[in-house]
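One structure is given here, and the rest of the page talks about it.
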Amino acid sequence: MNIVQSHAEADAFFCFVELLSGFRDFYCQQLDNSVVGIWSAITRLSQLVRKHDEELWRHLEITHQSKISVNPQFYAFRWITLLLTQEFSFFDSLHIWDALLSDPEGPLESLLGICCAMLVLVRKRLIAGDFTSNMKLLQHYPTTNISHLLFSCI
Ligand SMILES: *[C@@H]1O[C@H](CO)[C@@H](O)[C@H](O)[C@H]1NC(C)=O
C-alpha cells in the first residue's frame, strides 16, 4: 500500500465530517426557522438569484394575475438537504462534493453558489416556461456538463 491508500479511510472520514458539520443544522428540526436552519439557507439562495439575475428571480418568485410563483422550497429543499446527490449521477456528485470541500468560502456558500448557477444555466427555459414546466424542469434537472456548471458558479 502506498501512502495515499493507507490514509484513504481516515481522509474520507475527515472529508465526510467536514462536509456534514457544515450542513448539520439543516437536519435539526428545532433549528428550522433559525438563521442556521434550512429555511434560512433557501432564503439565501433566493437572495443570491435575485442579486445575480433579477429578471429570472422575478419570473420565478413574483406572483401576478393568474401566474403561480415557483416557491424555491419546491426544488431547493431537496437540492440543499441532499447536497445535490439526487440531481446528478454518482460520478458527477463526487465532482460537486470535491468542489464543496475545496471552496475556501466553505461548503454552504459553495453549495448555494452551485444551486444559483444551476438556475441561471437554464434561465432561458425557465423564463419561457410556466409553473408546471418549470417545476418539472427543476425537479428533474437536465443532464449537465458539471465542469461547465462548476466553472460558471458565482
Ligand atoms: C464541459 O465544460 C468544460 C468547461 O467549460 C469544457 O472544457 C469541456 O469541453 C466540456 N465538455 C463537453 C463534453 O462538452
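Ligands are numbered from 1 in the order shown, residues from 1 within each chain, and chains are lettered A, B, ... in the order they appear in the C-alpha cells.
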Neighbours of Ser147 in chain A within 10 Å (only C-alpha atoms; same-chain residues fewer than 2 positions away dropped), as a ChimeraX atom specification? /A:92,95-96,144-145,149-152
Saved selection, atoms kept: C-alpha atoms, as a short mmCIF file (atom, residue, chain, number, x, y, z; two decimals), in the first residue's frame:
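New file again-v3.cif:
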data_model
loop_
_atom_site.label_atom_id
_atom_site.label_comp_id
_atom_site.auth_asym_id
_atom_site.auth_seq_id
_atom_site.Cartn_x
_atom_site.Cartn_y
_atom_site.Cartn_z
CA ASP A 92 -20.97 13.98 -11.07
CA HIS A 95 -17.18 16.14 -8.60
CA ILE A 96 -19.59 18.52 -6.87
CA THR A 144 -25.35 18.99 -17.47
CA ASN A 145 -21.65 19.37 -18.11
CA LEU A 149 -21.57 24.22 -14.12
CA LEU A 150 -18.82 24.49 -11.51
CA PHE A 151 -16.93 26.91 -13.70
CA SER A 152 -19.94 29.19 -14.03
#
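The neighbours of Thr132 in chain A here are the residues that come within 12 Å of it, using only C-alpha atoms and leaving out any residue fewer than 6 positions away in the same chain; they are Leu60, Lys67, Ile68, Ser69, Val70, Phe74, Leu126, Leu138 and Gln139 of chain A.
Closest to ligand 1 among A:Cys153, A:Val4, A:Ala12, A:His148 is A:His148, based on only C-alpha atoms and all ligand atoms.
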Got a sec: who's within 12 Å of Glu61 in chain A, counting only C-alpha atoms, leaving out chain neighbours fewer than 2 positions off, as an MDAnalysis selection string? chainID A and resid 43 46:47 49:50 54:59 63:64 67:74 126:127 130:131 134
Could you write those residues out with N, CA and C atoms, as a PDB file, in the first residue's frame?
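Result saved to again.pdb:
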ATOM      1  N   THR A  43     -33.804  30.828   1.731  1.00  0.00           N
ATOM      2  CA  THR A  43     -33.975  32.271   1.545  1.00  0.00           C
ATOM      3  C   THR A  43     -32.699  32.900   0.989  1.00  0.00           C
ATOM      4  N   SER A  46     -32.468  32.254  -2.663  1.00  0.00           N
ATOM      5  CA  SER A  46     -33.362  33.155  -3.384  1.00  0.00           C
ATOM      6  C   SER A  46     -32.748  34.556  -3.530  1.00  0.00           C
ATOM      7  N   GLN A  47     -32.125  35.026  -2.445  1.00  0.00           N
ATOM      8  CA  GLN A  47     -31.485  36.358  -2.493  1.00  0.00           C
ATOM      9  C   GLN A  47     -30.307  36.382  -3.464  1.00  0.00           C
ATOM     10  N   VAL A  49     -29.993  34.507  -6.167  1.00  0.00           N
ATOM     11  CA  VAL A  49     -30.537  34.528  -7.527  1.00  0.00           C
ATOM     12  C   VAL A  49     -31.001  35.946  -7.868  1.00  0.00           C
ATOM     13  N   ARG A  50     -31.651  36.601  -6.903  1.00  0.00           N
ATOM     14  CA  ARG A  50     -32.131  37.961  -7.146  1.00  0.00           C
ATOM     15  C   ARG A  50     -30.978  38.906  -7.457  1.00  0.00           C
ATOM     16  N   GLU A  54     -31.908  39.293 -11.640  1.00  0.00           N
ATOM     17  CA  GLU A  54     -33.179  39.792 -11.109  1.00  0.00           C
ATOM     18  C   GLU A  54     -34.365  39.398 -12.000  1.00  0.00           C
ATOM     19  N   GLU A  55     -34.143  39.379 -13.315  1.00  0.00           N
ATOM     20  CA  GLU A  55     -35.233  39.039 -14.229  1.00  0.00           C
ATOM     21  C   GLU A  55     -35.719  37.603 -13.987  1.00  0.00           C
ATOM     22  N   LEU A  56     -34.753  36.706 -13.850  1.00  0.00           N
ATOM     23  CA  LEU A  56     -35.091  35.299 -13.584  1.00  0.00           C
ATOM     24  C   LEU A  56     -35.797  35.163 -12.231  1.00  0.00           C
ATOM     25  N   TRP A  57     -35.270  35.821 -11.233  1.00  0.00           N
ATOM     26  CA  TRP A  57     -35.847  35.766  -9.888  1.00  0.00           C
ATOM     27  C   TRP A  57     -37.300  36.233  -9.906  1.00  0.00           C
ATOM     28  N   ARG A  58     -37.531  37.371 -10.583  1.00  0.00           N
ATOM     29  CA  ARG A  58     -38.885  37.914 -10.709  1.00  0.00           C
ATOM     30  C   ARG A  58     -39.819  36.919 -11.378  1.00  0.00           C
ATOM     31  N   HIS A  59     -39.313  36.351 -12.463  1.00  0.00           N
ATOM     32  CA  HIS A  59     -40.142  35.415 -13.222  1.00  0.00           C
ATOM     33  C   HIS A  59     -40.543  34.221 -12.360  1.00  0.00           C
ATOM     34  N   THR A  63     -45.604  36.617  -7.886  1.00  0.00           N
ATOM     35  CA  THR A  63     -46.920  36.198  -8.353  1.00  0.00           C
ATOM     36  C   THR A  63     -47.656  37.420  -8.888  1.00  0.00           C
ATOM     37  N   HIS A  64     -48.154  37.342 -10.112  1.00  0.00           N
ATOM     38  CA  HIS A  64     -49.064  38.398 -10.548  1.00  0.00           C
ATOM     39  C   HIS A  64     -50.140  37.815 -11.440  1.00  0.00           C
ATOM     40  N   LYS A  67     -50.654  33.994 -12.621  1.00  0.00           N
ATOM     41  CA  LYS A  67     -49.404  33.236 -12.584  1.00  0.00           C
ATOM     42  C   LYS A  67     -49.096  32.745 -11.154  1.00  0.00           C
ATOM     43  N   ILE A  68     -48.720  31.499 -11.029  1.00  0.00           N
ATOM     44  CA  ILE A  68     -48.352  30.956  -9.715  1.00  0.00           C
ATOM     45  C   ILE A  68     -46.832  31.023  -9.615  1.00  0.00           C
ATOM     46  N   SER A  69     -46.327  31.466  -8.464  1.00  0.00           N
ATOM     47  CA  SER A  69     -44.868  31.555  -8.360  1.00  0.00           C
ATOM     48  C   SER A  69     -44.264  30.193  -8.011  1.00  0.00           C
ATOM     49  N   VAL A  70     -43.022  30.020  -8.450  1.00  0.00           N
ATOM     50  CA  VAL A  70     -42.296  28.792  -8.151  1.00  0.00           C
ATOM     51  C   VAL A  70     -41.530  29.031  -6.853  1.00  0.00           C
ATOM     52  N   ASN A  71     -42.154  28.669  -5.732  1.00  0.00           N
ATOM     53  CA  ASN A  71     -41.522  28.852  -4.441  1.00  0.00           C
ATOM     54  C   ASN A  71     -40.235  28.015  -4.385  1.00  0.00           C
ATOM     55  N   PRO A  72     -39.094  28.630  -4.023  1.00  0.00           N
ATOM     56  CA  PRO A  72     -37.838  27.872  -4.059  1.00  0.00           C
ATOM     57  C   PRO A  72     -37.846  26.613  -3.192  1.00  0.00           C
ATOM     58  N   GLN A  73     -38.722  26.582  -2.181  1.00  0.00           N
ATOM     59  CA  GLN A  73     -38.723  25.374  -1.340  1.00  0.00           C
ATOM     60  C   GLN A  73     -39.172  24.131  -2.118  1.00  0.00           C
ATOM     61  N   PHE A  74     -39.897  24.335  -3.225  1.00  0.00           N
ATOM     62  CA  PHE A  74     -40.368  23.198  -4.028  1.00  0.00           C
ATOM     63  C   PHE A  74     -39.217  22.402  -4.645  1.00  0.00           C
ATOM     64  N   LEU A 126     -36.510  28.560 -18.212  1.00  0.00           N
ATOM     65  CA  LEU A 126     -37.345  28.968 -17.081  1.00  0.00           C
ATOM     66  C   LEU A 126     -38.178  30.197 -17.429  1.00  0.00           C
ATOM     67  N   ILE A 127     -37.553  31.148 -18.114  1.00  0.00           N
ATOM     68  CA  ILE A 127     -38.266  32.394 -18.430  1.00  0.00           C
ATOM     69  C   ILE A 127     -39.362  32.127 -19.465  1.00  0.00           C
ATOM     70  N   ASP A 130     -43.922  27.995 -17.935  1.00  0.00           N
ATOM     71  CA  ASP A 130     -44.954  28.320 -16.947  1.00  0.00           C
ATOM     72  C   ASP A 130     -44.682  27.514 -15.672  1.00  0.00           C
ATOM     73  N   PHE A 131     -45.579  27.628 -14.705  1.00  0.00           N
ATOM     74  CA  PHE A 131     -45.368  26.962 -13.415  1.00  0.00           C
ATOM     75  C   PHE A 131     -45.101  25.469 -13.574  1.00  0.00           C
ATOM     76  N   ASN A 134     -41.797  24.620 -15.399  1.00  0.00           N
ATOM     77  CA  ASN A 134     -40.643  24.998 -14.573  1.00  0.00           C
ATOM     78  C   ASN A 134     -40.451  24.065 -13.386  1.00  0.00           C
TER      79      ASN A 134
END
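Using only C-alpha atoms, the shortest contact distance between Tyr27 in chain A and any of A:Ser133, A:Ser40, A:Thr81, A:Gln5 is found at A:Thr81.
From CA of Cys28 in chain A back to CA of Ser93 in chain A, the distance works out to 23.6 Å.
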Please list as a PDB file with C-alpha atoms, in the first residue's frame every residue within 9 Å of Gly113 in chain A, counting only C-alpha atoms and excluding residues in the same chain fewer than 2 positions away.
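So the final result, stored in out.pdb, reads:
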ATOM      1  CA  LEU A  45     -30.397  31.070  -2.288  1.00  0.00           C
ATOM      2  CA  LEU A  48     -28.443  35.146  -4.416  1.00  0.00           C
ATOM      3  CA  LEU A 108     -22.546  26.039   2.338  1.00  0.00           C
ATOM      4  CA  GLU A 109     -21.518  29.114   0.358  1.00  0.00           C
ATOM      5  CA  SER A 110     -20.234  26.797  -2.318  1.00  0.00           C
ATOM      6  CA  LEU A 111     -23.466  24.781  -2.439  1.00  0.00           C
ATOM      7  CA  CYS A 115     -27.601  25.954  -6.923  1.00  0.00           C
ATOM      8  CA  CYS A 116     -27.734  29.535  -8.180  1.00  0.00           C
ATOM      9  CA  ALA A 117     -25.629  28.614 -11.230  1.00  0.00           C
ATOM     10  CA  MET A 118     -27.972  25.669 -11.920  1.00  0.00           C
ATOM     11  CA  LEU A 150     -18.821  24.490 -11.515  1.00  0.00           C
ATOM     12  CA  CYS A 153     -20.536  29.353 -10.261  1.00  0.00           C
ATOM     13  CA  ILE A 154     -20.555  32.734  -8.751  1.00  0.00           C
TER      14      ILE A 154
END
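When CA of Val122 in chain A is paired with CA of Leu137 in chain A, their separation reads 8.8 Å.
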Extract the full set of alpha helix (DSSP H) residues from chain A according to DSSP on the backbone, and format it as a ChimeraX atom specification. /A:3-6,8-23,38-52,54-61,73-81,90-102,107-121,123-128,131-139,146-151
Residue contacts of Arg24 in chain A (10 Å, only C-alpha atoms) excluding same-chain residues fewer than 2 positions away, as a PyMOL selection string: chain A and resi 17+19-22+26-28+36-38+81
Based on the selection just made, write all heavy atoms of those residues as a short mmCIF file (atom, residue, chain, number, x, y, z; two decimals), in the first residue's frame.
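As written to disk, part17.cif reads:
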data_model
loop_
_atom_site.label_atom_id
_atom_site.label_comp_id
_atom_site.auth_asym_id
_atom_site.auth_seq_id
_atom_site.Cartn_x
_atom_site.Cartn_y
_atom_site.Cartn_z
N VAL A 17 -16.89 14.29 7.72
CA VAL A 17 -17.19 15.08 8.91
C VAL A 17 -17.19 16.58 8.56
O VAL A 17 -18.07 17.34 8.97
CB VAL A 17 -16.15 14.79 10.03
CG1 VAL A 17 -16.29 15.79 11.18
CG2 VAL A 17 -16.33 13.37 10.54
N LEU A 19 -17.75 17.98 5.70
CA LEU A 19 -18.91 18.30 4.87
C LEU A 19 -20.17 18.36 5.72
O LEU A 19 -20.91 19.34 5.71
CB LEU A 19 -19.05 17.21 3.81
CG LEU A 19 -19.82 17.53 2.55
CD1 LEU A 19 -19.26 18.77 1.88
CD2 LEU A 19 -19.74 16.34 1.59
N LEU A 20 -20.40 17.32 6.52
CA LEU A 20 -21.65 17.27 7.26
C LEU A 20 -21.69 18.27 8.40
O LEU A 20 -22.76 18.77 8.74
CB LEU A 20 -21.91 15.85 7.79
CG LEU A 20 -22.38 14.88 6.70
CD1 LEU A 20 -23.06 13.69 7.33
CD2 LEU A 20 -23.31 15.53 5.70
N SER A 21 -20.54 18.63 8.97
CA SER A 21 -20.59 19.60 10.06
C SER A 21 -21.04 20.96 9.51
O SER A 21 -21.71 21.71 10.20
CB SER A 21 -19.26 19.70 10.79
OG SER A 21 -18.26 20.09 9.90
N GLY A 22 -20.72 21.23 8.24
CA GLY A 22 -21.18 22.48 7.63
C GLY A 22 -22.68 22.51 7.42
O GLY A 22 -23.28 23.57 7.31
N PHE A 26 -29.18 21.81 9.14
CA PHE A 26 -30.35 21.63 8.25
C PHE A 26 -31.18 20.42 8.65
O PHE A 26 -32.31 20.28 8.24
CB PHE A 26 -29.91 21.42 6.80
CG PHE A 26 -29.21 22.59 6.22
CD1 PHE A 26 -28.38 22.43 5.13
CD2 PHE A 26 -29.37 23.85 6.75
CE1 PHE A 26 -27.73 23.50 4.58
CE2 PHE A 26 -28.71 24.93 6.22
CZ PHE A 26 -27.88 24.75 5.13
N TYR A 27 -30.56 19.51 9.38
CA TYR A 27 -31.26 18.28 9.70
C TYR A 27 -31.83 18.30 11.12
O TYR A 27 -32.21 17.29 11.68
CB TYR A 27 -30.33 17.07 9.52
CG TYR A 27 -29.61 17.11 8.19
CD1 TYR A 27 -28.26 17.45 8.11
CD2 TYR A 27 -30.31 16.89 7.01
CE1 TYR A 27 -27.62 17.53 6.89
CE2 TYR A 27 -29.67 16.97 5.78
CZ TYR A 27 -28.33 17.29 5.72
OH TYR A 27 -27.71 17.38 4.51
N CYS A 28 -31.87 19.48 11.69
CA CYS A 28 -32.27 19.66 13.08
C CYS A 28 -33.56 20.46 13.09
O CYS A 28 -33.55 21.65 12.80
CB CYS A 28 -31.15 20.44 13.76
SG CYS A 28 -30.92 20.05 15.43
N VAL A 36 -29.54 29.52 11.09
CA VAL A 36 -28.68 28.46 10.58
C VAL A 36 -29.49 27.30 9.98
O VAL A 36 -28.93 26.34 9.47
CB VAL A 36 -27.74 27.89 11.69
CG1 VAL A 36 -26.72 28.91 12.08
CG2 VAL A 36 -28.54 27.40 12.88
N GLY A 37 -30.81 27.41 10.03
CA GLY A 37 -31.66 26.30 9.57
C GLY A 37 -31.87 26.29 8.07
O GLY A 37 -31.39 27.15 7.34
N ILE A 38 -32.64 25.29 7.64
CA ILE A 38 -32.84 25.05 6.22
C ILE A 38 -33.60 26.19 5.52
O ILE A 38 -33.26 26.58 4.41
CB ILE A 38 -33.55 23.68 5.99
CG1 ILE A 38 -33.77 23.39 4.51
CG2 ILE A 38 -34.87 23.57 6.73
CD1 ILE A 38 -32.53 23.16 3.72
N THR A 81 -30.75 19.81 1.12
CA THR A 81 -30.64 18.79 2.17
C THR A 81 -29.92 17.54 1.68
O THR A 81 -29.27 16.86 2.46
CB THR A 81 -32.02 18.37 2.74
OG1 THR A 81 -32.87 18.00 1.66
CG2 THR A 81 -32.64 19.47 3.55
#
Best match for closeness to ligand 1 among A:Ile80, A:Ala128, A:Ile146, A:Leu121, counting only C-alpha atoms and all ligand atoms: A:Ile146
Taken to one decimal, the CA of Trp79 in chain A-CA of Leu119 in chain A distance is 11.6 Å
